[in-house]
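Before any comments, here is the structure.
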Amino acid sequence: MNAPLKDEQLLTIVKNVVEQNGCHLVDIDFDNHILNIEGSEEAQARCALALEDVLG
C-alpha cells in the first residue's frame with residue numbers, strides 16, 4: 001500500500017507537470033484542491049489533461 005503524498009511532494013509533481021506543458025503555477029490550495037495556472041488556453045488544456053493522467 002502506498003502512503004499519501006506529502007504537500008511538498010505534490011507541489012513538486014504539479015509544478016513539474018505544469019511547466020512541462022507550457023504553463024506557470026501561480027497558486028495552489030491543497031485543502032480545496034484548486035490550482036491557479038497561467039498560460040495560453042491550449043497550454044492550460046494540456047496541463048489539465050497531463051495533471052489528470054498523473055494525479056488521477
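Naming scheme: A, B, ... for chains in displayed order of the C-alpha cells; residues 1 onward per chain; ligands 1 onward as shown.
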
Polymer residues at most 12 Å from segment 2-10 of chain A, only C-alpha atoms, same-chain spacing of 2 or more positions, as an MDAnalysis selection string:
chainID A and resid 12:17 28:31 33 35 51 54:55

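Of all the residues in chain A, the ones DSSP labels as strand (DSSP E or B) from the backbone are His24, Leu25, Val26, Asp27, Ile28, Asp29, Ile34, Leu35, Asn36, Ile37 and Glu38 of chain A.
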
Could you write those residues out with N, CA and C atoms, as a short mmCIF file (atom, residue, chain, number, x, y, z; two decimals), in the first residue's frame?
```cif
data_model
loop_
_atom_site.label_atom_id
_atom_site.label_comp_id
_atom_site.auth_asym_id
_atom_site.auth_seq_id
_atom_site.Cartn_x
_atom_site.Cartn_y
_atom_site.Cartn_z
N HIS A 24 2.53 28.18 -16.12
CA HIS A 24 3.21 28.63 -14.91
C HIS A 24 2.24 28.47 -13.74
N LEU A 25 2.70 27.83 -12.67
CA LEU A 25 1.88 27.64 -11.47
C LEU A 25 1.89 28.93 -10.67
N VAL A 26 0.71 29.54 -10.50
CA VAL A 26 0.58 30.80 -9.77
C VAL A 26 0.30 30.52 -8.30
N ASP A 27 -0.63 29.62 -8.03
CA ASP A 27 -1.05 29.36 -6.65
C ASP A 27 -1.64 27.96 -6.58
N ILE A 28 -1.54 27.36 -5.41
CA ILE A 28 -2.14 26.05 -5.18
C ILE A 28 -2.79 26.05 -3.81
N ASP A 29 -4.02 25.56 -3.75
CA ASP A 29 -4.77 25.45 -2.49
C ASP A 29 -4.98 23.96 -2.24
N ILE A 34 -7.45 23.24 -5.48
CA ILE A 34 -7.58 24.26 -6.52
C ILE A 34 -6.18 24.68 -6.98
N LEU A 35 -6.00 24.70 -8.30
CA LEU A 35 -4.76 25.17 -8.91
C LEU A 35 -5.05 26.42 -9.70
N ASN A 36 -4.17 27.40 -9.61
CA ASN A 36 -4.25 28.59 -10.44
C ASN A 36 -3.02 28.57 -11.33
N ILE A 37 -3.23 28.38 -12.63
CA ILE A 37 -2.12 28.33 -13.57
C ILE A 37 -2.32 29.38 -14.64
N GLU A 38 -1.20 29.85 -15.19
CA GLU A 38 -1.24 30.81 -16.28
C GLU A 38 -0.61 30.18 -17.51
#
```

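Going from atom CA of Asp53 of chain A to atom CA of Asn32 of chain A covers 19.5 Å.
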
When DSSP works through the backbone of this structure, what residues of chain A end up as alpha helix (DSSP H), shown as a PyMOL selection string?
chain A and resi 7-20+41-55

Residues within 12 Å of Ser40 of chain A, only C-alpha atoms, excluding chain neighbours under 2 positions, as a PDB file with C-alpha atoms, in the first residue's frame:
```pdb
ATOM      1  CA  ASN A  21       3.174  21.673 -20.611  1.00  0.00           C
ATOM      2  CA  GLY A  22       3.878  25.362 -21.145  1.00  0.00           C
ATOM      3  CA  CYS A  23       2.181  26.919 -18.125  1.00  0.00           C
ATOM      4  CA  HIS A  24       3.206  28.630 -14.906  1.00  0.00           C
ATOM      5  CA  ILE A  37      -2.122  28.326 -13.571  1.00  0.00           C
ATOM      6  CA  GLU A  38      -1.235  30.813 -16.281  1.00  0.00           C
ATOM      7  CA  GLU A  42      -4.139  25.429 -25.359  1.00  0.00           C
ATOM      8  CA  ALA A  43      -1.351  25.078 -22.798  1.00  0.00           C
ATOM      9  CA  GLN A  44      -3.852  25.133 -19.929  1.00  0.00           C
ATOM     10  CA  ALA A  45      -5.835  22.344 -21.605  1.00  0.00           C
ATOM     11  CA  ARG A  46      -2.629  20.291 -21.993  1.00  0.00           C
ATOM     12  CA  CYS A  47      -1.793  20.934 -18.333  1.00  0.00           C
TER      13      CYS A  47
END
```
